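Structure record follows, encoded as structure tokens.
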Amino acid sequence: MRLRNDPKAREKIDNSNLVIKDFPIKLNENVILEIGMGKGEMLIQLALNNPNNIYIGIEKYPTVVAKAISLANKLNLKNFFVVCNELSNLENNFDGKVKEIWLTFSDPWPKKSHYKRRLTYFKFLNIYKSLLTKEGILKLKTDNDDFFNWSIESFKNYGAKIIYLTNDLHNSEKNEFNIQTGYEIKWSKKGKNINYIEVSF
Ligand SMILES: C[S@@+](CC[C@H](N)C(=O)[O-])C[C@H]1O[C@@H](n2cnc3c(N)ncnc32)[C@H](O)[C@@H]1O
């Protein structure tokens, strides 16, 4: 994410009570996770709209985490939390299951040799499967067509069930309840179609 590095980000994170520092991270059916939430535009809006749910963003880059915390504080949110870490480091640090996980505009890692870093590589699908309830759903949206197509193959090879798929989220029936992320706003303004898929395991 192109944002000037905030040298005080770590300090802000250490001092914030919105940042989860106790492990394992407690999950339940009222919790919704977003992996790679960036500045958290979508998750924060969802938290505002749905005070009975708890929203947890996982984001590895401290500068954007600090931005998200700042906005959530301004809005006085009590149901939005952040984990500042790389997802692979957290694999065994969850306790419980959720009904919804979001992958939003994940880094596409376009180089062929980097495919294992893509958040839809089977190693990560194992994590999502272990975190989702039986009825739980993984939701993915992206502007990147190659990453989207690769992810569909990865889901199929894994044996995941495709529940919904569109290459044009903003002109689909799902748009009514769609809340845009920061990247989504940027790319759709440029006329890019937004791909969207829901899968279960
Ligand atoms: C392209 S940005 C998208 C940000 C946001 N989801 C949006 O749509 O505006 C991808 C974000 O995912 C974060 N990220 C990528 N891989 C991650 C991982 N394995 N664990 C945690 N965060 C990750 C990056 O630091 C970056 O902020």
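Residues are referred to by chain and number: the chain letter is A, B, ... according to the order shown in the structure tokens, the number counts from 1 in that chain, and ligands are numbered separately from 1 in the order shown.
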
Under the rule of at most 6 Å, produce a per-residue listing of chain A near ligand 1: chain, number, name, the closest pair of atoms, and the distance in Å, as a Markdown table, using only C-alpha atoms and all ligand atoms.
```
| residue | atom | partner | partner_atom_place_in_ligand_line | distance |
| --- | --- | --- | --- | --- |
| A:Met1 | CA | ligand 1 | 27 (O) | 5.2 |
| A:Ile35 | CA | ligand 1 | 21 (C) | 5.9 |
| A:Gly36 | CA | ligand 1 | 12 (O) | 3.2 |
| A:Met37 | CA | ligand 1 | 6 (N) | 3.9 |
| A:Gly38 | CA | ligand 1 | 4 (C) | 3.8 |
| A:Ile58 | CA | ligand 1 | 21 (C) | 5.5 |
| A:Glu59 | CA | ligand 1 | 22 (N) | 3.8 |
| A:Lys60 | CA | ligand 1 | 22 (N) | 4.2 |
| A:Tyr61 | CA | ligand 1 | 25 (O) | 4.6 |
| A:Asn85 | CA | ligand 1 | 21 (C) | 5.7 |
| A:Glu86 | CA | ligand 1 | 20 (N) | 3.5 |
| A:Leu87 | CA | ligand 1 | 20 (N) | 4.0 |
| A:Thr104 | CA | ligand 1 | 6 (N) | 4.3 |
| A:Phe105 | CA | ligand 1 | 8 (O) | 4.5 |
| A:Ser106 | CA | ligand 1 | 10 (C) | 4.7 |
| A:Asp107 | CA | ligand 1 | 1 (C) | 4.9 |
| A:Thr181 | CA | ligand 1 | 9 (O) | 4.5 |
| A:Gly182 | CA | ligand 1 | 9 (O) | 3.7 |
| A:Tyr183 | CA | ligand 1 | 9 (O) | 3.8 |
| A:Glu184 | CA | ligand 1 | 8 (O) | 5.8 |
```

Using C-alpha atoms, can you write the selected residues to a file as a compact mmCIF listing (two decimals), in the first residue's frame?
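Written output follows (out24.txt):
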```
# COMPACT_ATOMS: atom_id res chain seq x y z
CA MET A 1 0.00 0.00 0.00
CA ILE A 35 -7.49 -10.22 6.03
CA GLY A 36 -5.31 -7.40 4.67
CA MET A 37 -7.80 -4.68 5.61
CA GLY A 38 -5.44 -1.77 4.75
CA ILE A 58 -5.75 -8.43 10.22
CA GLU A 59 -3.14 -6.19 8.66
CA LYS A 60 0.63 -6.53 8.62
CA TYR A 61 1.63 -2.94 7.77
CA ASN A 85 0.59 -9.09 11.98
CA GLU A 86 1.09 -11.28 8.96
CA LEU A 87 -1.64 -13.93 8.67
CA THR A 104 -10.33 -7.63 -0.08
CA PHE A 105 -8.05 -6.55 -2.91
CA SER A 106 -5.35 -8.92 -1.74
CA ASP A 107 -1.86 -8.40 -3.13
CA THR A 181 -12.83 -0.65 0.47
CA GLY A 182 -10.21 2.03 -0.17
CA TYR A 183 -8.79 0.15 -3.16
CA GLU A 184 -12.27 -0.56 -4.48
```

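Pairwise distance (atom CA of A:Leu27, atom CA of A:Phe148) equals 27.7 Å.
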
Exercise for the section: Just the residues within 9 Å of A:Asp145, please, counting only C-alpha atoms, with nothing from its chain fewer than 3 positions along; format it as a VMD selection string. Expected result: chain A and resid 142 148 to 150 167 193 to 195

Practice task
Excluding stretch 116-122 of chain A and any residue of its chain fewer than 6 positions from it, enumerate the residues within 8 Å of it, using only C-alpha atoms, and give them as a count of residues only.
Solution key: 9

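Proximity to A:Glu91 was assessed for A:Lys123, A:Arg10, A:Lys189, A:Lys134 counting only C-alpha atoms; the smallest distance is recorded for A:Lys123.
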
Handout entry: Sel. of strand (DSSP E) residues, stretch 79-175 of chain A, as a ChimeraX atom specification
Key = /A:80-83,94-95,98-104,132-142,161-166

Practice task
Fewer than 5 positions away in the same chain doesn't count, so skip those; otherwise give me all residues within 9 Å of A:Asn93, counting only C-alpha atoms, as a list in words.
Solution key: Phe23, Pro24, Ile25 and Lys26 of chain A

Handout entry: A:Asn15 environment, 12 Å, only C-alpha atoms, sequence neighbours closer than 5 positions dropped, as a PyMOL selection string
Key = chain A and resi 8-10+20-21+66+69-70

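Closest approach to A:Ile197 from the set A:Lys139, A:Asn53, A:Ile185, A:Glu176 is made by A:Lys139, with distances taken over only C-alpha atoms.
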
Hey, what's within 7 Å of A:Ala160 if we count only C-alpha atoms and toss same-chain stuff fewer than 2 positions away? As a tab-separated table (two decimals) with C-alpha atoms, in the first residue's frame, please?
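Full text of result-v5.tsv as output:
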```
chain	number	residue	atom	x	y	z
A	155	PHE	CA	-10.78	-22.85	-4.69
A	156	LYS	CA	-11.88	-25.57	-7.13
A	158	TYR	CA	-9.19	-27.37	-2.93
A	162	ILE	CA	-18.59	-21.70	-5.11
A	199	VAL	CA	-17.12	-19.81	-1.26
A	200	SER	CA	-17.69	-22.30	1.54
A	201	PHE	CA	-15.51	-25.23	2.61
```
